file coords-v4.txt (compact mmCIF, C-alpha atoms)
# COMPACT_ATOMS: atom_id res chain seq x y z
CA MET W 29 2.90 -21.12 -3.38
CA ALA W 30 4.27 -24.20 -5.04
CA THR W 31 7.65 -25.67 -4.20
CA SER W 32 9.83 -27.78 -6.46
CA ASN W 33 9.84 -31.33 -5.18
CA LYS W 34 13.42 -32.14 -4.21
CA ALA W 35 12.47 -35.62 -3.04
CA ALA W 36 10.88 -36.47 -6.37
CA GLN W 37 13.80 -35.01 -8.28
CA ALA W 38 16.26 -36.93 -6.14
CA ALA W 39 14.39 -40.14 -6.87
CA LEU W 40 14.52 -39.47 -10.60
CA ASP W 41 18.24 -38.69 -10.48
CA ALA W 42 18.88 -41.81 -8.42
CA ALA W 43 17.08 -43.89 -11.00
CA SER W 44 18.68 -42.35 -14.09
CA GLY W 45 21.61 -40.27 -12.84
CA ALA W 46 20.76 -37.77 -15.58
CA THR W 47 20.69 -33.98 -15.52
CA VAL W 48 19.86 -31.32 -18.08
CA HIS W 49 23.58 -31.07 -18.84
CA ASP W 50 23.81 -34.83 -19.49
CA VAL W 51 20.94 -34.59 -21.96
CA ALA W 52 22.65 -31.65 -23.69
CA ARG W 53 25.92 -33.54 -24.06
CA MET W 54 24.26 -36.66 -25.49
CA ALA W 55 22.17 -34.64 -27.94
CA GLY W 56 25.12 -32.47 -28.95
CA VAL W 57 23.28 -29.25 -28.13
CA SER W 58 23.44 -26.57 -25.46
CA ALA W 59 21.66 -26.76 -22.11
CA MET W 60 19.65 -23.74 -23.28
CA THR W 61 18.29 -25.78 -26.21
CA VAL W 62 17.35 -28.65 -23.90
CA SER W 63 15.54 -26.16 -21.68
CA ARG W 64 13.62 -24.85 -24.70
CA VAL W 65 12.56 -28.36 -25.69
CA ILE W 66 11.56 -29.24 -22.12
CA ASN W 67 9.46 -26.10 -21.87
CA GLY W 68 7.80 -26.53 -25.26
CA ARG W 69 9.37 -23.52 -27.00
CA ALA W 70 8.63 -23.19 -30.73
CA SER W 71 12.10 -21.81 -31.59
CA VAL W 72 13.68 -25.29 -31.94
CA SER W 73 13.90 -27.19 -35.23
CA THR W 74 12.18 -30.53 -35.57
CA ALA W 75 15.51 -32.34 -36.07
CA THR W 76 17.01 -30.78 -32.93
CA ARG W 77 13.88 -31.47 -30.93
CA ASP W 78 14.01 -35.12 -32.01
CA LYS W 79 17.67 -35.41 -30.89
CA VAL W 80 16.92 -33.89 -27.50
CA GLU W 81 13.85 -36.06 -26.96
CA ALA W 82 15.86 -39.14 -27.94
CA ALA W 83 18.55 -38.24 -25.40
CA ILE W 84 15.90 -37.68 -22.74
CA ALA W 85 14.47 -41.12 -23.45
CA ALA W 86 17.88 -42.83 -23.55
CA LEU W 87 18.95 -41.28 -20.26
CA ARG W 88 15.50 -41.79 -18.69
CA TYR W 89 15.43 -38.12 -17.79
CA GLN W 90 11.87 -37.30 -16.76
CA PRO W 91 11.03 -33.57 -16.53
CA ASN W 92 7.44 -34.28 -15.52
CA LEU W 93 6.78 -30.92 -13.90
CA ALA W 94 8.20 -29.10 -16.90
CA ALA W 95 5.92 -30.97 -19.29
CA ARG W 96 2.90 -30.22 -17.15
CA ALA W 97 3.79 -26.52 -17.04
CA ALA W 98 4.18 -26.42 -20.83
CA ARG W 99 0.76 -28.05 -21.34
CA THR W 100 -1.10 -25.71 -18.99
CA GLY W 101 0.71 -22.52 -20.01
CA THR W 102 1.19 -21.58 -16.35
CA LEU W 103 4.02 -19.17 -15.66
CA ARG W 104 6.43 -20.67 -13.18
CA ILE W 105 8.87 -18.35 -11.41
CA GLY W 106 11.84 -19.89 -9.63
CA LEU W 107 13.47 -18.44 -6.53
CA LEU W 108 17.07 -19.46 -5.89
CA TYR W 109 18.15 -18.51 -2.39
CA SER W 110 20.91 -18.90 0.17
CA ASN W 111 20.45 -15.68 2.16
CA PRO W 112 21.66 -16.03 5.77
CA SER W 113 19.14 -13.41 6.96
CA ALA W 114 15.76 -15.01 7.64
CA ALA W 115 14.26 -11.54 8.06
CA PHE W 116 15.34 -10.48 4.55
CA LEU W 117 14.07 -13.72 3.00
CA SER W 118 10.73 -13.42 4.81
CA GLU W 119 10.13 -9.92 3.44
CA PHE W 120 11.21 -11.00 -0.02
CA LEU W 121 8.85 -13.98 -0.04
CA VAL W 122 5.89 -11.82 1.00
CA GLY W 123 6.36 -9.57 -2.03
CA ALA W 124 7.21 -12.33 -4.50
CA MET W 125 4.27 -14.56 -3.53
CA ASP W 126 1.85 -11.66 -3.61
CA GLN W 127 2.92 -10.54 -7.07
CA CYS W 128 2.96 -14.09 -8.45
CA ARG W 129 -0.57 -14.57 -7.17
CA GLN W 130 -1.73 -11.35 -8.85
CA GLY W 131 0.03 -12.26 -12.09
CA GLY W 132 -1.36 -15.78 -12.21
CA GLY W 133 2.03 -17.40 -11.69
CA GLN W 134 3.50 -19.93 -9.30
CA LEU W 135 6.60 -19.48 -7.16
CA LEU W 136 9.00 -22.42 -6.80
CA LEU W 137 11.82 -22.35 -4.26
CA GLU W 138 15.24 -23.98 -4.25
CA ARG W 139 17.84 -23.48 -1.54
CA CYS W 140 21.54 -23.86 -2.23
CA GLY W 141 24.96 -23.19 -0.74
CA ASP W 142 28.25 -23.98 -2.47
CA LEU W 143 28.89 -23.97 -6.22
CA ALA W 144 27.93 -27.63 -6.68
CA SER W 145 24.62 -27.22 -4.87
CA GLN W 146 23.91 -24.04 -6.85
CA ARG W 147 24.18 -25.98 -10.11
CA THR W 148 21.98 -28.78 -8.76
CA ALA W 149 19.37 -26.29 -7.52
CA ILE W 150 19.20 -24.61 -10.91
CA ASP W 151 18.83 -28.01 -12.61
CA CYS W 152 15.93 -28.81 -10.26
CA LEU W 153 14.19 -25.53 -11.07
CA VAL W 154 14.65 -26.09 -14.81
CA ALA W 155 13.32 -29.64 -14.47
CA ALA W 156 10.34 -28.21 -12.61
CA GLY W 157 9.52 -26.11 -15.66
CA VAL W 158 10.42 -22.62 -14.50
CA ASP W 159 10.19 -19.86 -17.08
CA GLY W 160 12.40 -17.41 -15.19
CA ILE W 161 14.34 -17.20 -11.93
CA LEU W 162 14.67 -14.56 -9.21
CA VAL W 163 18.14 -14.34 -7.68
CA PRO W 164 18.22 -12.42 -4.37
CA PRO W 165 21.43 -11.79 -2.41
CA PRO W 166 24.04 -13.06 -2.09
CA LEU W 167 23.61 -15.23 -5.22
CA CYS W 168 22.78 -12.10 -7.23
CA ASP W 169 26.55 -11.41 -7.14
CA SER W 170 27.59 -14.92 -8.18
CA PRO W 171 29.12 -14.91 -11.70
CA ALA W 172 28.77 -18.72 -11.82
CA VAL W 173 25.02 -18.64 -11.13
CA LEU W 174 24.31 -15.84 -13.60
CA ALA W 175 26.48 -17.46 -16.29
CA GLN W 176 24.73 -20.82 -15.88
CA LEU W 177 21.29 -19.23 -16.18
CA ASN W 178 22.37 -17.20 -19.20
CA GLY W 179 23.83 -20.31 -20.84
CA MET W 180 20.55 -22.16 -20.34
CA GLY W 181 18.51 -19.30 -21.77
CA ILE W 182 16.60 -18.74 -18.52
CA PRO W 183 15.57 -15.13 -17.80
CA ALA W 184 17.07 -14.09 -14.46
CA ILE W 185 16.50 -11.05 -12.26
CA ALA W 186 19.23 -10.09 -9.80
CA VAL W 187 17.79 -8.47 -6.69
CA ALA W 188 19.68 -6.15 -4.30
CA THR W 189 23.01 -6.30 -6.06
CA ALA W 190 24.96 -3.07 -5.78
CA ARG W 191 26.73 -3.52 -9.11
CA PRO W 192 24.34 -5.18 -11.57
CA SER W 193 25.76 -6.96 -14.59
CA PRO W 194 25.04 -5.09 -17.86
CA GLY W 195 23.47 -8.20 -19.37
CA VAL W 196 21.21 -9.16 -16.44
CA SER W 197 18.06 -7.37 -15.33
CA ALA W 198 18.18 -6.12 -11.75
CA VAL W 199 16.18 -4.42 -9.02
CA ARG W 200 18.13 -2.52 -6.36
CA ILE W 201 18.50 0.60 -4.26
CA ASP W 202 21.48 2.95 -4.11
CA ASP W 203 23.38 1.26 -1.28
CA TYR W 204 26.16 3.84 -1.37
CA ALA W 205 23.80 6.79 -1.02
CA GLY W 206 21.86 5.05 1.77
CA ALA W 207 24.97 4.30 3.82
CA LEU W 208 26.30 7.82 3.24
CA ALA W 209 22.98 9.25 4.49
CA MET W 210 23.22 7.12 7.65
CA THR W 211 26.82 8.18 8.28
CA ARG W 212 25.84 11.85 7.92
CA HIS W 213 22.93 11.25 10.30
CA LEU W 214 25.32 10.01 13.00
CA LEU W 215 27.70 12.88 12.35
CA ALA W 216 24.82 15.37 12.67
CA LEU W 217 24.10 13.91 16.12
CA GLY W 218 27.64 14.82 17.16
CA HIS W 219 29.27 11.40 16.80
CA ARG W 220 32.88 11.47 15.67
CA ASP W 221 34.12 8.11 16.94
CA ILE W 222 31.96 5.60 15.04
CA GLY W 223 32.48 1.85 14.82
CA PHE W 224 31.41 -0.01 11.69
CA ILE W 225 30.36 -3.65 11.24
CA GLU W 226 30.77 -4.62 7.62
CA GLY W 227 28.90 -7.38 5.82
CA ASP W 228 29.97 -10.33 3.71
CA PRO W 229 32.80 -9.04 1.45
CA GLU W 230 31.56 -11.27 -1.40
CA HIS W 231 28.29 -9.31 -1.53
CA THR W 232 28.57 -6.01 -3.43
CA PRO W 233 26.26 -3.95 -1.15
CA ALA W 234 28.58 -4.72 1.78
CA LEU W 235 31.50 -3.17 -0.09
CA LEU W 236 29.59 -0.06 -1.09
CA ARG W 237 28.16 0.46 2.40
CA ARG W 238 31.64 0.41 3.93
CA GLN W 239 32.99 2.68 1.20
CA ALA W 240 30.18 5.18 1.81
CA PHE W 241 30.83 5.10 5.57
CA GLU W 242 34.53 5.84 5.11
CA ASP W 243 33.82 8.54 2.52
CA GLY W 244 31.29 10.17 4.85
CA MET W 245 33.80 10.23 7.69
CA ARG W 246 36.49 11.61 5.37
CA GLU W 247 34.03 14.26 4.20
CA ALA W 248 33.78 15.38 7.86
CA GLY W 249 37.57 15.51 8.17
CA LEU W 250 37.76 12.25 10.13
CA ARG W 251 39.69 9.06 9.56
CA VAL W 252 38.46 5.57 10.43
CA PRO W 253 41.07 3.64 12.46
CA PRO W 254 41.30 -0.03 11.40
CA HIS W 255 40.32 -1.21 14.88
CA ARG W 256 36.98 0.62 14.53
CA VAL W 257 35.91 -1.69 11.67
CA ALA W 258 34.83 -5.23 12.54
CA GLN W 259 34.06 -8.02 10.09
CA GLY W 260 30.55 -9.44 9.98
CA TYR W 261 28.72 -11.65 7.47
CA PHE W 262 25.15 -10.32 7.64
CA THR W 263 24.25 -12.89 10.31
CA TYR W 264 23.18 -12.25 13.90
CA ARG W 265 25.97 -14.45 15.26
CA SER W 266 28.66 -12.65 13.28
CA GLY W 267 27.20 -9.40 14.58
CA LEU W 268 27.64 -10.60 18.16
CA ASP W 269 31.34 -11.27 17.60
CA ALA W 270 31.88 -7.97 15.81
CA ALA W 271 30.03 -5.92 18.43
CA ARG W 272 31.98 -7.56 21.26
CA GLN W 273 35.18 -6.63 19.44
CA LEU W 274 34.14 -2.97 19.15
CA LEU W 275 32.59 -2.51 22.58
CA ALA W 276 35.48 -4.20 24.41
CA GLN W 277 37.75 -1.36 23.31
CA ALA W 278 38.57 1.43 25.74
CA PRO W 279 37.14 3.86 25.08
CA HIS W 280 34.48 2.21 22.97
CA PRO W 281 32.97 4.08 20.00
CA SER W 282 30.06 6.40 20.72
CA ALA W 283 28.07 4.81 17.87
CA ILE W 284 28.02 1.59 15.87
CA PHE W 285 26.79 1.45 12.29
CA ALA W 286 26.07 -2.17 11.29
CA SER W 287 25.68 -3.12 7.63
CA ASN W 288 22.33 -4.82 8.22
CA ASP W 289 19.64 -5.06 10.88
CA ASP W 290 20.50 -8.57 12.06
CA MET W 291 23.99 -7.42 13.02
CA ALA W 292 22.65 -4.19 14.50
CA ALA W 293 20.25 -6.21 16.67
CA ALA W 294 23.23 -8.27 17.80
CA ALA W 295 25.08 -5.07 18.71
CA LEU W 296 22.11 -4.02 20.85
CA ALA W 297 22.21 -7.36 22.66
CA VAL W 298 25.94 -7.04 23.36
CA ALA W 299 25.53 -3.47 24.61
CA HIS W 300 22.70 -4.52 26.97
CA GLY W 301 24.78 -7.43 28.21
CA MET W 302 27.62 -5.06 29.07
CA GLY W 303 25.29 -2.78 31.01
CA LEU W 304 25.41 -0.02 28.40
CA GLN W 305 22.36 2.11 27.74
CA VAL W 306 21.28 2.69 24.15
CA PRO W 307 21.51 5.40 22.91
CA GLN W 308 22.86 7.20 26.00
CA ASP W 309 26.12 5.22 26.11
CA VAL W 310 26.27 4.02 22.52
CA SER W 311 24.04 4.65 19.51
CA VAL W 312 23.32 1.71 17.20
CA CYS W 313 21.94 1.74 13.66
CA GLY W 314 21.46 -0.79 10.88
CA PHE W 315 20.42 -1.16 7.25
CA ASP W 316 17.44 -2.79 5.43
CA ASP W 317 14.55 -2.10 7.85
CA THR W 318 13.57 -5.76 8.11
CA PRO W 319 10.96 -6.72 10.77
CA VAL W 320 13.67 -7.20 13.40
CA ALA W 321 14.27 -3.42 13.36
CA THR W 322 10.97 -2.80 15.14
CA THR W 323 10.88 -5.90 17.34
CA VAL W 324 14.06 -5.13 19.31
CA TRP W 325 14.40 -2.55 22.07
CA PRO W 326 15.04 0.22 21.46
CA GLU W 327 13.75 0.17 17.90
CA LEU W 328 16.51 0.47 15.34
CA THR W 329 17.41 3.52 13.32
CA THR W 330 18.00 2.03 9.88
CA ILE W 331 17.83 2.53 6.13
CA HIS W 332 14.53 1.25 4.77
CA GLN W 333 15.13 -0.96 1.75
CA PRO W 334 11.69 -1.76 0.27
CA ILE W 335 12.42 -5.50 0.08
CA ALA W 336 8.85 -6.69 -0.53
CA ASP W 337 8.31 -4.05 -3.22
CA MET W 338 11.64 -4.97 -4.79
CA ALA W 339 10.47 -8.60 -4.97
CA ARG W 340 7.21 -7.47 -6.61
CA ALA W 341 9.15 -5.42 -9.15
CA ALA W 342 11.44 -8.39 -9.85
CA VAL W 343 8.44 -10.67 -10.52
CA ASN W 344 7.00 -8.09 -12.92
CA LEU W 345 10.34 -7.78 -14.72
CA VAL W 346 10.79 -11.52 -15.15
CA ILE W 347 7.20 -11.96 -16.37
CA ASP W 348 7.69 -9.17 -18.94
CA GLU W 349 10.94 -10.75 -20.11
CA ILE W 350 9.35 -14.20 -20.40
CA ARG W 351 6.47 -12.85 -22.47
CA GLN W 352 8.79 -10.86 -24.73
CA ARG W 353 10.90 -13.94 -25.41
CA ARG W 354 7.82 -16.06 -26.09
CA SER W 355 6.65 -13.57 -28.69
CA GLY W 356 10.05 -13.63 -30.38
CA GLU W 357 11.08 -10.15 -29.19
CA THR W 358 14.48 -9.21 -27.80
CA ALA W 359 14.33 -8.69 -24.05
CA PRO W 360 17.04 -6.17 -23.11
CA ALA W 361 18.32 -6.05 -19.53
CA THR W 362 16.48 -3.55 -17.32
CA HIS W 363 17.98 -2.03 -14.17
CA HIS W 364 15.27 -0.75 -11.83
CA LEU W 365 16.43 1.62 -9.05
CA MET W 366 14.09 1.98 -6.06
CA ALA W 367 14.08 4.62 -3.34
CA TYR W 368 15.46 4.15 0.18
CA THR W 369 14.35 5.98 3.35
CA LEU W 370 16.29 6.78 6.50
CA MET W 371 14.17 5.65 9.46
CA ALA W 372 15.30 7.57 12.58
CA ARG W 373 14.22 5.66 15.69
CA ALA W 374 15.16 5.38 19.35
CA SER W 375 18.45 3.48 18.99
CA THR W 376 20.37 6.62 18.01
CA GLY W 377 20.71 9.93 19.83
CA PRO W 378 23.05 12.87 20.39
CA VAL W 379 26.50 12.04 21.68
CA THR W 380 27.07 12.67 25.41
CA ARG W 381 30.39 14.32 26.29
CA ASP W 382 32.07 15.39 29.51
CA GLN W 383 34.04 18.60 29.95
CA THR W 384 37.17 17.14 28.34
CA GLY W 385 35.28 16.41 25.14
CA ARG W 386 35.60 12.64 25.51
CA VAL W 387 32.58 10.39 25.29
CA ARG W 388 31.32 10.06 28.86
CA PRO W 389 31.59 6.42 29.96
CA ARG W 390 28.62 5.10 31.88
CA HIS W 391 29.76 1.56 32.65
call {"tool": "encode", "arguments": {"input": "coords-v4.txt", "output": "structure tokens"}}
result
Amino acid sequence: MATSNKAAQAALDAASGATVHDVARMAGVSAMTVSRVINGRASVSTATRDKVEAAIAALRYQPNLAARAARTGTLRIGLLYSNPSAAFLSEFLVGAMDQCRQGGGQLLLERCGDLASQRTAIDCLVAAGVDGILVPPPLCDSPAVLAQLNGMGIPAIAVATARPSPGVSAVRIDDYAGALAMTRHLLALGHRDIGFIEGDPEHTPALLRRQAFEDGMREAGLRVPPHRVAQGYFTYRSGLDAARQLLAQAPHPSAIFASNDDMAAAALAVAHGMGLQVPQDVSVCGFDDTPVATTVWPELTTIHQPIADMARAAVNLVIDEIRQRRSGETAPATHHLMAYTLMARASTGPVTRDQTGRVRPRH
């Protein structure tokens, strides 16, 4: 795996203060055209190429890595990430690196956070000569990121978005169907009082997973009281706070459905800390089936999202789109839907009730 050299890029920017956008403004062209010149594309007129190269020289902008990539013909795939779940990112990297290796490409990484850093990270990847960029969650749902990549003419693949943009290729599962299946699983075990930990509301899968949970409960003739839903942000720490909120209630829910495995693992930790047995006192389940699901005790019931395979599919999609564009063909957006699997493990079990029909407290 190759990584884009932030230190080198920072040194260049410090020396010249120039970005791809600065070059575009001076040359009077779009950032997409500058990207095409930097990457040696043939679809730029000689006059335009001369203007861009003159601006690059005047601004002392030095896309060294891009030039090297253009000379060697090596496919460079960028990965733009800010995912708070290390487990998700780890699985994603395994698949992306493996597929890049098989396809003869290189994977370059850039981390970002707020809008300003997102723009800078994209500029660094473009300067490093990337031919296409993978955008895993939560950036896959960022209109600013997708618009910037589209404006620069960089093929982008959104991964794990629940509502893919019509003009952007995407790889995903059916988050709604997966969460509905998990809700029905808990209901089949006899649970009627279920707490829910939702994920980051700016990430579309979080919204669909909550919607599916509420629809599943409504389907069973049950309503979800507001106090049975706690806000999380797909992080372990947010899961701790949310689980404490749910389990401090009297009576506490007989089951907790967390929107991802990190938060479900946090719910397990809170339950253990309160002296509750899982699943005898409270069942806990998650979503994604990242490695944490089978390294906690008891192992988590969860929805298996084939993250590594989704990354492999995304690499294949971006390589196909790059090659189509290079040959002058139109590369229409492709939305690839992958299968999920409900993994029933030891963290969930039948509800235990006393003679009054209430969940039997054991703490």
call {"tool": "residues_around", "arguments": {"input": "coords-v4.txt", "residues": "Glu230 in chain W", "least_positions_apart": "2", "cutoff": "12 Å", "atoms": "only C-alpha atoms", "output": "list in words"}}
result
Pro165, Pro166, Leu167, Cys168, Asp169, Ser170, Pro171, Thr189, Ala190, Arg191, Glu226, Gly227, Asp228, Thr232, Pro233, Ala234, Leu235, Leu236, Gly260, Tyr261 and Phe262 of chain W
call {"tool": "write_last_selection", "arguments": {"input": "coords-v4.txt", "atoms": "C-alpha atoms", "output": "compact mmCIF listing (two decimals), keeping the file's coordinate frame"}}
result
# COMPACT_ATOMS: atom_id res chain seq x y z
CA PRO W 165 21.43 -11.79 -2.41
CA PRO W 166 24.04 -13.06 -2.09
CA LEU W 167 23.61 -15.23 -5.22
CA CYS W 168 22.78 -12.10 -7.23
CA ASP W 169 26.55 -11.41 -7.14
CA SER W 170 27.59 -14.92 -8.18
CA PRO W 171 29.12 -14.91 -11.70
CA THR W 189 23.01 -6.30 -6.06
CA ALA W 190 24.96 -3.07 -5.78
CA ARG W 191 26.73 -3.52 -9.11
CA GLU W 226 30.77 -4.62 7.62
CA GLY W 227 28.90 -7.38 5.82
CA ASP W 228 29.97 -10.33 3.71
CA THR W 232 28.57 -6.01 -3.43
CA PRO W 233 26.26 -3.95 -1.15
CA ALA W 234 28.58 -4.72 1.78
CA LEU W 235 31.50 -3.17 -0.09
CA LEU W 236 29.59 -0.06 -1.09
CA GLY W 260 30.55 -9.44 9.98
CA TYR W 261 28.72 -11.65 7.47
CA PHE W 262 25.15 -10.32 7.64
call {"tool": "closest_residue", "arguments": {"input": "coords-v4.txt", "among": "W:Pro183, W:Gly195, W:Gly267, W:Pro378", "to": "Phe224 in chain W", "atoms": "all atoms listed in the file"}}
result
W:Gly267
call {"tool": "residues_around", "arguments": {"input": "coords-v4.txt", "residues": "Ala248 in chain W", "least_positions_apart": "3", "cutoff": "8 Å", "atoms": "all atoms listed in the file", "output": "ChimeraX atom specification"}}
result
/W:215,244-245
call {"tool": "closest_atom_pairs", "arguments": {"input": "coords-v4.txt", "of": "range 176-286 of chain W", "to": "range 60-84 of chain W", "cutoff": "6 Å", "atoms": "all atoms listed in the file", "output": "CSV"}}
result
residue,atom,partner,partner_atom,distance
W:Gly179,CA,W:Met60,CA,5.9
W:Met180,CA,W:Met60,CA,3.5
W:Gly181,CA,W:Met60,CA,4.8
call {"tool": "write_last_selection", "arguments": {"input": "coords-v4.txt", "atoms": "C-alpha atoms", "output": "PDB file, in the frame of the given file"}}
result
ATOM      1  CA  GLY W 179      23.830 -20.310 -20.840  1.00  0.00           C
ATOM      2  CA  MET W 180      20.550 -22.160 -20.340  1.00  0.00           C
ATOM      3  CA  GLY W 181      18.510 -19.300 -21.770  1.00  0.00           C
TER       4      GLY W 181
END
call {"tool": "atom_distance", "arguments": {"input": "coords-v4.txt", "atom1": "CA of Asp317 in chain W", "atom2": "CA of Asp289 in chain W"}}
result
6.6 Å
call {"tool": "closest_residue", "arguments": {"input": "coords-v4.txt", "among": "W:Phe116, W:Tyr204, W:Tyr89, W:Tyr368", "to": "Val48 in chain W", "atoms": "all atoms listed in the file"}}
result
W:Tyr89
call {"tool": "closest_atom_pairs", "arguments": {"input": "coords-v4.txt", "of": "range 300-390 of chain W", "to": "range 147-163 of chain W", "cutoff": "12 Å", "atoms": "only C-alpha atoms", "output": "JSON lines"}}
result
{"residue": "W:Met338", "atom": "CA", "partner": "W:Leu162", "partner_atom": "CA", "distance": 11.0}
{"residue": "W:Ala339", "atom": "CA", "partner": "W:Leu162", "partner_atom": "CA", "distance": 8.4}
{"residue": "W:Arg340", "atom": "CA", "partner": "W:Leu162", "partner_atom": "CA", "distance": 10.6}
{"residue": "W:Ala341", "atom": "CA", "partner": "W:Leu162", "partner_atom": "CA", "distance": 10.7}
{"residue": "W:Ala342", "atom": "CA", "partner": "W:Leu162", "partner_atom": "CA", "distance": 7.0}
{"residue": "W:Val343", "atom": "CA", "partner": "W:Leu162", "partner_atom": "CA", "distance": 7.5}
{"residue": "W:Asn344", "atom": "CA", "partner": "W:Leu162", "partner_atom": "CA", "distance": 10.7}
{"residue": "W:Leu345", "atom": "CA", "partner": "W:Leu162", "partner_atom": "CA", "distance": 9.8}
{"residue": "W:Val346", "atom": "CA", "partner": "W:Gly160", "partner_atom": "CA", "distance": 6.1}
{"residue": "W:Ile347", "atom": "CA", "partner": "W:Gly160", "partner_atom": "CA", "distance": 7.6}
{"residue": "W:Asp348", "atom": "CA", "partner": "W:Gly160", "partner_atom": "CA", "distance": 10.2}
{"residue": "W:Glu349", "atom": "CA", "partner": "W:Gly160", "partner_atom": "CA", "distance": 8.4}
{"residue": "W:Ile350", "atom": "CA", "partner": "W:Asp159", "partner_atom": "CA", "distance": 6.6}
{"residue": "W:Arg351", "atom": "CA", "partner": "W:Asp159", "partner_atom": "CA", "distance": 9.6}
{"residue": "W:Gln352", "atom": "CA", "partner": "W:Asp159", "partner_atom": "CA", "distance": 11.9}
{"residue": "W:Arg353", "atom": "CA", "partner": "W:Asp159", "partner_atom": "CA", "distance": 10.2}
{"residue": "W:Arg354", "atom": "CA", "partner": "W:Asp159", "partner_atom": "CA", "distance": 10.1}
call {"tool": "axis_aligned_box", "arguments": {"input": "coords-v4.txt", "around": "range 256-268 of chain W", "padding_each_side": "8 Å", "output": "AutoDock Vina command-line options"}}
result
--center_x 30.1 --center_y -6.9 --center_z 12.8 --size_x 29.8 --size_y 31.1 --size_z 26.7
call {"tool": "atom_distance", "arguments": {"input": "coords-v4.txt", "atom1": "CA of Met210 in chain W", "atom2": "CA of Leu121 in chain W"}}
result
26.7 Å
call {"tool": "closest_residue", "arguments": {"input": "coords-v4.txt", "among": "W:Leu108, W:Ala270, W:Leu250, W:Leu208", "to": "Ile331 in chain W", "atoms": "only C-alpha atoms"}}
result
W:Leu208
call {"tool": "residues_around", "arguments": {"input": "coords-v4.txt", "residues": "range 298-314 of chain W", "least_positions_apart": "5", "cutoff": "9 Å", "atoms": "all atoms listed in the file", "output": "VMD selection string"}}
result
chain W and resid 210 214 219 268 to 269 271 to 272 275 280 to 293 321 325 to 326 328 to 331 372 to 380 387 to 391
call {"tool": "atom_distance", "arguments": {"input": "coords-v4.txt", "atom1": "CA of Glu357 in chain W", "atom2": "CA of Leu107 in chain W"}}
result
24.2 Å
call {"tool": "closest_residue", "arguments": {"input": "coords-v4.txt", "among": "W:Ala85, W:Leu370, W:His363, W:Cys140", "to": "Ser197 in chain W", "atoms": "all atoms listed in the file"}}
result
W:His363
call {"tool": "residues_around", "arguments": {"input": "coords-v4.txt", "residues": "Gly132 in chain W", "least_positions_apart": "4", "cutoff": "10 Å", "atoms": "all atoms listed in the file", "output": "PDB file with C-alpha atoms, in the frame of the given file"}}
result
ATOM      1  CA  THR W 102       1.190 -21.580 -16.350  1.00  0.00           C
ATOM      2  CA  LEU W 103       4.020 -19.170 -15.660  1.00  0.00           C
ATOM      3  CA  ARG W 104       6.430 -20.670 -13.180  1.00  0.00           C
ATOM      4  CA  GLN W 127       2.920 -10.540  -7.070  1.00  0.00           C
ATOM      5  CA  CYS W 128       2.960 -14.090  -8.450  1.00  0.00           C
TER       6      CYS W 128
END
